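Shown next: input10.cif, given as mmCIF, C-alpha atoms.
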data_model
loop_
_atom_site.label_atom_id
_atom_site.label_comp_id
_atom_site.auth_asym_id
_atom_site.auth_seq_id
_atom_site.Cartn_x
_atom_site.Cartn_y
_atom_site.Cartn_z
CA MET A 1232 32.74 29.23 26.58
CA THR A 1233 34.89 32.33 26.34
CA ILE A 1234 37.46 33.02 23.64
CA VAL A 1235 40.20 32.69 26.27
CA ASP A 1236 38.92 29.23 27.26
CA GLU A 1237 38.80 28.12 23.63
CA ALA A 1238 42.35 29.34 23.01
CA ALA A 1239 43.57 27.46 26.10
CA ARG A 1240 41.80 24.31 24.89
CA ILE A 1241 43.37 24.44 21.44
CA GLU A 1242 46.82 25.09 22.93
CA ALA A 1243 46.43 22.15 25.32
CA ILE A 1244 45.32 19.84 22.49
CA SER A 1245 48.31 20.90 20.41
CA GLY A 1246 50.66 20.20 23.31
CA TYR A 1247 49.44 16.62 23.68
CA ASP A 1248 50.14 15.87 20.00
CA VAL A 1249 47.64 13.03 19.95
CA ILE A 1250 45.53 13.91 16.89
CA ALA A 1251 46.32 12.04 13.66
CA CYS A 1252 48.51 9.56 15.56
CA PRO A 1253 47.88 5.81 15.75
CA PRO A 1254 45.82 4.99 18.88
CA ALA A 1255 48.14 4.56 21.86
CA SER A 1256 47.92 1.17 23.55
CA GLU A 1257 47.41 2.83 26.95
CA LEU A 1258 44.41 4.77 25.66
CA GLN A 1259 43.01 1.71 23.93
CA GLY A 1260 43.19 -0.15 27.23
CA LEU A 1261 41.28 2.63 29.00
CA VAL A 1262 38.38 2.69 26.50
CA ARG A 1263 38.12 -1.11 26.67
CA LEU A 1264 37.97 -0.89 30.46
CA ALA A 1265 35.37 1.88 30.29
CA ALA A 1266 33.11 -0.25 28.08
CA MET A 1267 33.49 -3.25 30.38
CA LEU A 1268 32.79 -1.31 33.58
CA CYS A 1269 29.74 0.40 32.07
CA GLY A 1270 28.46 -2.76 30.38
CA VAL A 1271 28.15 -1.18 26.92
CA SER A 1272 29.28 -2.13 23.44
CA LYS A 1273 31.20 1.01 22.55
CA ALA A 1274 33.55 3.52 24.18
CA VAL A 1275 35.70 6.29 22.70
CA ILE A 1276 38.11 9.00 23.72
CA ASN A 1277 37.15 12.16 21.85
CA ILE A 1278 39.45 15.13 21.40
CA ILE A 1279 37.40 18.11 20.21
CA ASP A 1280 39.19 21.03 18.58
CA ASP A 1281 37.67 24.11 16.98
CA ARG A 1282 36.44 22.21 13.91
CA PHE A 1283 36.44 18.46 14.43
CA GLN A 1284 35.87 15.64 16.86
CA HIS A 1285 38.78 13.20 16.75
CA GLN A 1286 38.28 9.71 18.15
CA VAL A 1287 41.86 9.04 19.29
CA ALA A 1288 41.00 5.65 20.80
CA ALA A 1289 37.92 3.47 20.42
CA PHE A 1290 36.43 0.17 21.50
CA GLY A 1291 33.65 -1.49 19.51
CA LEU A 1292 34.20 0.66 16.41
CA GLU A 1293 36.93 2.06 14.23
CA PRO A 1294 38.26 5.48 15.35
CA ALA A 1295 36.98 8.21 13.07
CA VAL A 1296 36.75 11.97 12.66
CA CYS A 1297 33.56 13.99 12.34
CA ALA A 1298 32.66 17.66 12.16
CA ARG A 1299 32.35 19.33 15.55
CA GLU A 1300 28.72 20.27 14.87
CA ASP A 1301 27.93 16.56 14.39
CA SER A 1302 29.49 15.58 17.73
CA MET A 1303 27.27 14.61 20.65
CA CYS A 1304 30.12 15.30 23.04
CA ALA A 1305 30.64 18.81 21.66
CA ALA A 1306 27.03 19.55 22.52
CA VAL A 1307 27.74 19.02 26.22
CA LEU A 1308 31.32 20.30 26.30
CA ALA A 1309 30.32 23.62 27.84
CA ASP A 1310 28.54 21.88 30.73
CA ARG A 1311 31.93 20.91 32.24
CA ALA A 1312 30.26 17.95 34.00
CA PRO A 1313 29.60 14.25 33.48
CA ILE A 1314 26.37 13.43 31.69
CA VAL A 1315 24.19 10.32 31.45
CA VAL A 1316 21.38 10.01 28.88
CA THR A 1317 19.33 6.83 29.10
CA ASP A 1318 17.50 7.40 25.78
CA ALA A 1319 18.91 10.06 23.47
CA ARG A 1320 15.66 10.14 21.47
CA ARG A 1321 13.94 11.74 24.48
CA ASP A 1322 16.64 14.32 25.18
CA PRO A 1323 15.97 17.68 23.46
CA ARG A 1324 19.71 18.13 22.85
CA PHE A 1325 20.00 14.91 20.87
CA ARG A 1326 16.59 13.81 19.54
CA ALA A 1327 17.41 15.15 16.04
CA HIS A 1328 21.16 14.46 16.23
CA PRO A 1329 22.74 12.55 13.29
CA PHE A 1330 24.30 10.09 15.73
CA VAL A 1331 20.80 9.31 17.06
CA VAL A 1332 18.46 9.39 14.05
CA GLY A 1333 20.49 6.98 11.95
CA GLU A 1334 22.36 9.37 9.67
CA ILE A 1335 25.66 8.41 11.32
CA ALA A 1336 24.57 5.95 14.04
CA SER A 1337 21.56 4.99 16.15
CA VAL A 1338 22.73 5.86 19.64
CA ARG A 1339 20.24 5.39 22.47
CA PHE A 1340 22.23 5.26 25.70
CA TYR A 1341 25.01 7.84 26.03
CA ALA A 1342 27.27 8.83 28.95
CA SER A 1343 30.40 10.94 29.00
CA SER A 1344 32.91 12.47 31.38
CA PRO A 1345 34.99 15.52 30.43
CA LEU A 1346 38.74 15.35 29.91
CA VAL A 1347 40.06 18.18 32.08
CA THR A 1348 43.72 19.16 31.88
CA PRO A 1349 45.69 20.16 35.00
CA ASP A 1350 45.14 23.79 33.91
CA GLY A 1351 41.37 23.32 33.80
CA ALA A 1352 40.91 23.21 30.02
CA ILE A 1353 38.37 20.69 28.73
CA ILE A 1354 39.78 19.10 25.60
CA GLY A 1355 37.19 16.39 24.98
CA THR A 1356 35.44 13.49 26.64
CA LEU A 1357 35.62 9.84 27.50
CA CYS A 1358 32.24 8.57 26.42
CA VAL A 1359 30.39 5.26 26.33
CA PHE A 1360 27.26 4.54 24.31
CA ASP A 1361 24.99 1.79 23.08
CA GLU A 1362 22.13 1.17 20.64
CA THR A 1363 19.83 0.05 23.45
CA VAL A 1364 18.14 2.10 26.17
CA ARG A 1365 19.77 1.60 29.53
CA ASP A 1366 20.92 3.42 32.67
CA LEU A 1367 24.23 3.77 34.51
CA ASP A 1368 24.50 3.13 38.23
CA PRO A 1369 26.44 5.61 40.43
CA GLU A 1370 29.45 3.30 40.81
CA ALA A 1371 29.84 2.99 37.04
CA GLN A 1372 29.45 6.77 36.67
CA ARG A 1373 32.23 7.29 39.20
CA ALA A 1374 34.41 4.73 37.41
CA LEU A 1375 33.92 6.65 34.14
CA GLU A 1376 35.07 9.87 35.83
CA ILE A 1377 38.16 8.14 37.24
CA LEU A 1378 39.04 6.71 33.85
CA ALA A 1379 38.68 10.17 32.29
CA GLY A 1380 41.27 11.38 34.79
CA GLN A 1381 43.51 8.49 33.80
CA VAL A 1382 43.25 9.52 30.15
CA ILE A 1383 44.68 12.92 31.07
CA GLU A 1384 47.41 11.24 33.13
CA VAL A 1385 48.43 9.20 30.09
CA LEU A 1386 48.43 12.27 27.84
CA GLU A 1387 50.49 14.24 30.40
CA LEU A 1388 53.01 11.41 30.69
CA ARG A 1389 53.33 11.14 26.92
CA ARG A 1390 53.83 14.91 26.65
CA ALA A 1391 56.44 14.93 29.42
CA THR A 1392 58.28 12.06 27.73
CA ARG A 1393 58.37 13.93 24.43
CA GLU A 1394 59.63 17.08 26.15
CA LEU A 1395 62.32 15.14 27.99
CA THR A 1396 63.40 13.50 24.74
CA ALA A 1397 63.56 16.87 23.01
CA SER A 1398 65.50 18.31 25.95
CA ASN A 1399 67.95 15.41 25.81
CA GLU A 1400 68.42 15.93 22.08
CA MET A 1401 69.05 19.65 22.59
CA LEU A 1402 71.63 18.94 25.27
CA THR A 1403 73.32 16.32 23.09
CA GLN A 1404 73.53 18.80 20.21
CA PHE A 1405 74.81 21.49 22.53
CA ALA A 1406 77.45 19.12 23.90
CA ALA A 1407 78.65 18.30 20.41
CA GLN A 1408 78.89 21.98 19.49
CA ILE A 1409 80.87 23.06 22.54
CA SER A 1410 83.15 20.03 22.85
CA HIS A 1411 85.88 21.54 20.72
CA ASP A 1412 85.53 25.01 22.28
CA LEU A 1413 85.79 23.63 25.82
CA ARG A 1414 88.60 21.18 25.30
CA ASN A 1415 91.03 23.41 23.40
CA PRO A 1416 91.32 26.24 25.95
CA LEU A 1417 91.50 23.76 28.80
CA THR A 1418 94.25 21.81 27.06
CA ALA A 1419 96.18 25.04 26.51
CA LEU A 1420 95.69 26.05 30.13
CA THR A 1421 96.89 22.68 31.36
CA GLY A 1422 99.96 22.96 29.14
CA TYR A 1423 100.87 26.37 30.52
CA LEU A 1424 100.39 25.13 34.08
CA GLU A 1425 102.71 22.20 33.41
CA LEU A 1426 105.34 24.51 31.93
CA ALA A 1427 105.13 26.77 34.97
CA SER A 1428 105.37 23.81 37.35
CA ASP A 1429 108.46 22.51 35.56
CA SER A 1430 110.24 25.84 35.78
CA PRO A 1431 113.53 25.54 37.72
CA ASP A 1432 112.65 28.71 39.64
CA ILE A 1433 109.42 27.27 41.07
CA ASP A 1434 111.27 25.70 44.01
CA LEU A 1435 112.14 29.20 45.16
CA ALA A 1436 108.47 30.15 45.43
CA PRO A 1437 106.68 27.51 47.56
CA GLN A 1438 103.43 29.51 47.70
CA ALA A 1439 103.35 29.73 43.91
CA ALA A 1440 104.08 26.01 43.68
CA ARG A 1441 101.13 25.23 45.94
CA SER A 1442 98.86 27.50 43.91
CA LEU A 1443 99.99 25.83 40.69
CA ALA A 1444 99.31 22.40 42.20
CA HIS A 1445 95.78 23.50 43.14
CA ALA A 1446 95.25 24.90 39.65
CA GLU A 1447 96.48 21.69 38.00
CA SER A 1448 94.20 19.62 40.22
CA ALA A 1449 91.22 21.83 39.36
CA ALA A 1450 92.07 21.64 35.65
CA ASP A 1451 92.27 17.84 35.82
CA ARG A 1452 88.88 17.66 37.55
CA MET A 1453 87.43 20.05 34.98
CA ALA A 1454 88.77 17.92 32.13
CA ALA A 1455 87.24 14.80 33.69
CA MET A 1456 83.98 16.65 34.26
CA ILE A 1457 83.81 17.84 30.65
CA ALA A 1458 84.63 14.39 29.32
CA ASP A 1459 82.02 12.69 31.50
CA LEU A 1460 79.36 15.30 30.83
CA LEU A 1461 79.87 15.14 27.09
CA GLU A 1462 79.77 11.36 27.18
CA TYR A 1463 76.65 11.50 29.32
CA ALA A 1464 74.96 13.93 26.94
CA ARG A 1465 75.81 11.72 23.98
CA ARG A 1466 74.50 8.65 25.77
CA GLY A 1467 71.13 10.38 26.05
CA SER A 1468 69.10 8.66 28.73
CA ALA A 1469 71.61 5.87 29.40
CA ALA A 1470 72.32 5.16 33.05
CA PRO A 1471 75.29 6.78 34.82
CA HIS A 1472 77.93 4.68 36.58
CA PRO A 1473 77.10 4.86 40.29
CA GLN A 1474 79.45 3.92 43.09
CA SER A 1475 79.81 4.63 46.79
CA VAL A 1476 80.75 8.32 47.14
CA GLN A 1477 81.83 10.10 50.31
CA LEU A 1478 79.68 13.22 50.18
CA ASP A 1479 81.83 15.48 52.39
CA GLU A 1480 84.95 14.71 50.34
CA LEU A 1481 83.11 15.40 47.08
CA THR A 1482 81.73 18.66 48.49
CA ALA A 1483 85.23 19.70 49.57
CA ASP A 1484 86.43 19.20 45.98
CA VAL A 1485 83.53 21.30 44.73
CA ILE A 1486 84.34 24.11 47.16
CA ALA A 1487 87.97 23.99 46.06
CA ASP A 1488 86.90 24.39 42.44
CA LEU A 1489 84.75 27.37 43.43
CA ARG A 1490 87.53 29.04 45.39
CA VAL A 1491 87.61 32.17 43.22
CA PRO A 1492 83.87 33.13 43.32
CA ILE A 1493 83.76 32.21 47.01
CA ALA A 1494 86.71 34.47 47.78
CA GLU A 1495 85.47 37.32 45.59
CA SER A 1496 82.09 37.38 47.35
CA SER A 1497 83.48 36.65 50.85
CA ALA A 1498 81.09 33.71 50.97
CA THR A 1499 81.03 31.22 53.82
CA ILE A 1500 80.25 27.55 53.16
CA ALA A 1501 79.29 25.22 56.01
CA VAL A 1502 79.31 21.48 55.32
CA ASP A 1503 77.78 18.72 57.44
CA ALA A 1504 77.80 15.82 55.01
CA ASP A 1505 79.65 12.85 56.50
CA LEU A 1506 77.63 10.43 54.44
CA GLU A 1507 78.14 7.81 51.76
CA VAL A 1508 75.79 8.15 48.80
CA TRP A 1509 75.25 5.92 45.78
CA ALA A 1510 75.93 7.99 42.66
CA ASP A 1511 78.19 8.68 39.72
CA ARG A 1512 80.86 10.74 41.46
CA THR A 1513 81.61 13.11 38.61
CA LEU A 1514 77.98 13.74 37.73
CA LEU A 1515 76.95 14.27 41.35
CA GLY A 1516 79.86 16.70 41.62
CA VAL A 1517 78.37 18.64 38.72
CA VAL A 1518 75.02 18.79 40.54
CA ILE A 1519 76.48 20.04 43.81
CA GLN A 1520 78.76 22.51 42.05
CA ASN A 1521 75.86 24.00 40.10
CA ILE A 1522 73.72 24.38 43.20
CA VAL A 1523 76.45 25.87 45.41
CA ALA A 1524 77.68 28.16 42.62
CA ASN A 1525 74.12 29.42 42.07
CA ALA A 1526 73.68 30.04 45.78
CA VAL A 1527 76.87 32.11 45.94
CA LYS A 1528 76.23 33.94 42.66
CA PHE A 1529 72.64 34.98 43.33
CA ALA A 1530 73.24 36.02 46.93
CA ALA A 1531 76.20 38.15 45.86
CA ALA A 1532 74.20 39.68 42.99
CA ALA A 1533 71.53 40.68 45.52
CA GLY A 1534 74.14 42.58 47.54
CA MET A 1535 74.44 40.02 50.33
CA ARG A 1536 77.43 38.23 51.77
CA PRO A 1537 76.64 34.67 50.70
CA HIS A 1538 76.26 31.98 53.31
CA VAL A 1539 75.62 28.42 52.13
CA GLU A 1540 75.00 25.28 54.18
CA VAL A 1541 75.35 21.79 52.69
CA THR A 1542 73.97 18.87 54.68
CA GLY A 1543 73.55 15.19 53.96
CA THR A 1544 71.30 12.75 55.79
CA ARG A 1545 70.23 9.16 55.39
CA THR A 1546 66.56 8.43 54.72
CA SER A 1547 64.62 5.18 54.62
CA SER A 1548 64.67 5.22 50.81
CA GLY A 1549 68.14 6.64 50.17
CA SER A 1550 70.01 9.89 50.77
CA LEU A 1551 68.94 13.51 51.10
CA ILE A 1552 71.29 16.35 50.21
CA VAL A 1553 70.11 19.84 51.19
CA VAL A 1554 71.74 23.10 50.13
CA ASP A 1555 70.46 26.23 51.92
CA ASP A 1556 71.42 29.82 51.16
CA ASN A 1557 70.65 33.32 52.35
CA GLY A 1558 70.09 34.76 48.86
CA PRO A 1559 66.94 36.19 47.28
CA GLY A 1560 65.31 32.78 46.85
CA VAL A 1561 63.20 31.55 43.94
CA PRO A 1562 59.56 32.69 43.58
CA ARG A 1563 57.10 29.83 43.99
CA GLU A 1564 55.74 30.24 40.46
CA LEU A 1565 59.22 29.75 38.97
CA ARG A 1566 60.34 26.74 41.01
CA LYS A 1567 59.46 24.21 38.33
CA ARG A 1568 60.26 26.35 35.31
CA VAL A 1569 63.88 27.00 36.31
CA PHE A 1570 64.65 23.34 35.66
CA ASP A 1571 63.70 23.69 31.98
CA LEU A 1572 66.51 23.86 29.45
CA MET A 1573 67.60 27.45 28.69
CA ASP A 1574 65.08 28.89 31.15
CA ARG A 1575 66.73 31.33 33.54
CA GLY A 1576 63.64 32.30 35.52
CA ASN A 1577 64.16 35.73 37.11
CA ALA A 1578 67.95 35.74 36.62
CA GLU A 1579 68.22 39.00 34.67
CA GLY A 1580 71.58 40.64 35.28
CA VAL A 1581 73.23 37.42 36.47
CA ASP A 1582 75.59 35.53 34.19
CA GLY A 1583 74.50 32.13 32.91
CA LEU A 1584 72.88 30.23 30.05
CA GLY A 1585 70.07 28.46 31.93
CA LEU A 1586 71.73 25.06 31.55
CA GLY A 1587 72.82 24.34 35.11
CA LEU A 1588 69.59 23.31 36.81
CA ALA A 1589 68.32 21.57 33.67
CA THR A 1590 71.50 19.49 33.66
CA CYS A 1591 71.09 18.78 37.38
CA ARG A 1592 67.56 17.50 36.87
CA ARG A 1593 68.61 15.33 33.96
CA ILE A 1594 71.49 13.83 35.94
CA LEU A 1595 69.29 13.09 38.94
CA GLN A 1596 66.53 11.59 36.81
CA ALA A 1597 69.12 9.24 35.35
CA HIS A 1598 70.03 8.25 38.94
CA GLY A 1599 66.39 7.68 39.85
CA GLY A 1600 66.54 10.73 42.11
CA ARG A 1601 64.82 14.10 42.27
CA ILE A 1602 65.58 17.78 42.76
CA ALA A 1603 63.26 20.48 44.10
CA ILE A 1604 63.40 24.05 45.40
CA GLU A 1605 61.77 25.29 48.60
CA ASP A 1606 62.04 28.22 50.99
CA SER A 1607 65.16 28.09 53.17
CA PRO A 1608 65.24 28.86 56.90
CA LEU A 1609 68.26 31.02 56.02
CA GLY A 1610 65.94 33.30 54.08
CA GLY A 1611 66.88 32.25 50.55
CA ALA A 1612 66.44 29.03 48.58
CA ARG A 1613 66.63 25.45 49.78
CA VAL A 1614 67.52 22.91 47.11
CA ARG A 1615 66.64 19.32 48.03
CA VAL A 1616 68.36 16.48 46.19
CA THR A 1617 67.21 12.91 46.80
CA LEU A 1618 69.13 9.83 45.72
CA PRO A 1619 67.92 6.23 46.03
CA ASN A 1620 69.72 3.48 47.88
CA PRO A 1621 71.91 1.06 45.92
CA PRO A 1622 69.73 -1.46 44.05
CA ASP A 1623 70.98 -4.38 46.15
CA SER A 1624 70.40 -2.68 49.54
CA ARG A 1625 67.78 -4.02 51.91
#
Please render this file's structure as structure tokens.
Amino acid sequence: MTIVDEAARIEAISGYDVIACPPASELQGLVRLAAMLCGVSKAVINIIDDRFQHQVAAFGLEPAVCAREDSMCAAVLADRAPIVVTDARRDPRFRAHPFVVGEIASVRFYASSPLVTPDGAIIGTLCVFDETVRDLDPEAQRALEILAGQVIEVLELRRATRELTASNEMLTQFAAQISHDLRNPLTALTGYLELASDSPDIDLAPQAARSLAHAESAADRMAAMIADLLEYARRGSAAPHPQSVQLDELTADVIADLRVPIAESSATIAVDADLEVWADRTLLGVVIQNIVANAVKFAAAAGMRPHVEVTGTRTSSGSLIVVDDNGPGVPRELRKRVFDLMDRGNAEGVDGLGLGLATCRRILQAHGGRIAIEDSPLGGARVRVTLPNPPDSR
């Protein structure tokens, strides 16, 4: 095993944060199932770092820690393949091993399957063993491999849950910090707009009156958006308040709010979204505004005249909202990363904090929906937003 492989293993183990924690019930269930399927008395999930073997879940014995050099599984870690040993006393790798000769245990039958992360790092094994000589039929061997894959699935899910919780906490803290800074200028702006609208001379300038009305409407929507977003951030993972929303009307409001950047970049926005969707109107507005604003901003930054198309269609499971643009697109290797909090991907030279897409993903997850980026037929990025049907729909 190369130094690079070992470093990747240790990093992966650290990311799962499973060592020195009480055995997770999901992992305990998997080792119990492994023992039953293989017809043995003992099964363990071993995480092997640079110094120790950690039994993070066990059936038939109490989980323990031993030195890596005393681990049977560590001896076969480099093989990167399942192994079955009918009698460890006859295997040259194990005949003098402390787990075989009675110093620690008296293992005879031993079988293991490696725990391979999605990045290809082997962090340990799922192993079964017994004090009697026996064999393992091919079906049981295959079952052990499948269960090893399920161990990684559980660890990945636990890691993703921790990351989402940490992301939610960061956003909540951020919301608390900026609440005062956002509300005060907006309140002042609204006050000045009201004073201007109440001026006796405004009737003599109908164009100015219309512009002030648009500005007041945008300020009111912004105030509602800030209030709802801050409440949502503070609620953490609590559900939004969905209702039937007319998508084309919501998109029209979003475009109105983006009037200035659209005009400055000479962008064109085409909308074909005569569709009712089930969502929290304000939060979905935030999602669409972020996506459309990004499309305009990045296309303009690349020296193009932005063109954005927003479409909405009904699917068997809910609604699909697609936003296409003619901008530079998003490289395939960044299409997941750009949804991480404070990660701006390849956005050097473009204003932003890296919060927009992270907020969009969080909002859609709360709705039971999803967001993804693909290549667009317009040459830039296609952002796909899926929303489920109402819970009482058939």
- Message: I'd like to know which of A:Pro1313, A:Pro1416, A:Pro1294, A:Pro1329 is closest to Glu1376 in chain A, using only C-alpha atoms.
- Response: A:Pro1313
- Message: Please expand the PyMOL selection byres ((chain A and resi 1319) around 10) into the concrete residues it hits in this file, giving the result as an NGL selection string.
- Response: :A and (1303 or 1315-1318 or 1320-1328 or 1330-1332 or 1337-1341 or 1362 or 1364)
- Between CA of Gly1534 in chain A and CA of Glu1495 in chain A, distance in Å (one decimal): 12.6 Å
- Item | Contacts of Lys1567 in chain A within 10 Å, only C-alpha atoms, excl. fewer than 5 positions in-chain, as a PyMOL selection string | chain A and resi 1561-1562+1576+1602-1604
Around (69.6, 34.2, 44.4) in the file's own coordinates, what residues are found within 9 Å if you use all atoms listed in the file, given back as a JSON list (two decimals) with C-alpha atoms, in the coordinates of the input?
[["chain", "number", "residue", "atom", "x", "y", "z"],
["A", 1525, "ASN", "CA", 74.12, 29.42, 42.07],
["A", 1526, "ALA", "CA", 73.68, 30.04, 45.78],
["A", 1527, "VAL", "CA", 76.87, 32.11, 45.94],
["A", 1528, "LYS", "CA", 76.23, 33.94, 42.66],
["A", 1529, "PHE", "CA", 72.64, 34.98, 43.33],
["A", 1530, "ALA", "CA", 73.24, 36.02, 46.93],
["A", 1531, "ALA", "CA", 76.20, 38.15, 45.86],
["A", 1532, "ALA", "CA", 74.20, 39.68, 42.99],
["A", 1533, "ALA", "CA", 71.53, 40.68, 45.52],
["A", 1556, "ASP", "CA", 71.42, 29.82, 51.16],
["A", 1557, "ASN", "CA", 70.65, 33.32, 52.35],
["A", 1558, "GLY", "CA", 70.09, 34.76, 48.86],
["A", 1559, "PRO", "CA", 66.94, 36.19, 47.28],
["A", 1560, "GLY", "CA", 65.31, 32.78, 46.85],
["A", 1561, "VAL", "CA", 63.20, 31.55, 43.94],
["A", 1578, "ALA", "CA", 67.95, 35.74, 36.62],
["A", 1611, "GLY", "CA", 66.88, 32.25, 50.55],
["A", 1612, "ALA", "CA", 66.44, 29.03, 48.58]]
- Message: Going by the chain IDs and residue numbers used in this file, which residues fall under the PyMOL selection byres ((chain A and resi 1268-1278) around 8)? Write them as a PyMOL selection string.
- Response: chain A and resi 1244+1250+1258+1262-1267+1279-1280+1284-1292+1294+1304+1354-1361+1367+1371-1372+1374-1375
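Here CA of Ser1256 in chain A is placed at a distance of 10.4 Å from CA of Val1385 in chain A.
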- At what distance in Å, to one decimal, does CA of Gln1474 in chain A lie from CA of Trp1509 in chain A?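 If I compute the distance from CA of Trp1509 in chain A to CA of Gln1474 in chain A, I get 5.4 Å.
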- Would you translate the PyMOL selection byres ((chain A and resi 1510-1523) around 9) into the concrete set of residues it matches in this file, as a ChimeraX atom specification? /A:1452,1455-1456,1459-1460,1463,1471-1477,1481-1482,1484-1486,1488-1489,1500,1508-1509,1524-1528,1539-1541,1554-1556,1587-1588,1590-1592,1594-1595,1598,1614,1618-1619,1621
- Looking at all atoms listed in the file, which of A:Arg1311, A:Ser1302, A:Ala1458, A:Ala1352 is the one that sits closest to Ala1238 in chain A? A:Ala1352
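Using all atoms listed in the file, the smallest distance between any of A:Ala1239, A:Val1296, A:Ala1589, A:Ala1440 and Gly1351 in chain A comes from A:Ala1239.
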Any chance you could work out the axis-aligned box around range 1472-1477 of chain A, listed atoms only, 4 Å on each side, giving centre and edge lengths in Å to one decimal, as lines of an AutoDock Vina configuration file?
center_x = 79.5
center_y = 7.0
center_z = 43.4
size_x = 12.7
size_y = 14.2
size_z = 21.7
- From the set A:Ala1397, A:Ile1383, A:Cys1297, A:Leu1478, which residue has the shortest atom-to-atom contact distance to Glu1507 in chain A, counting all atoms listed in the file?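 Closest residue, counting all atoms listed in the file: A:Leu1478.
Compared by their closest atoms to Arg1615 in chain A, and using only C-alpha atoms, the residues A:Ala1597, A:Leu1424, A:Ile1353, A:Ile1552 rank with A:Ile1552 nearest.
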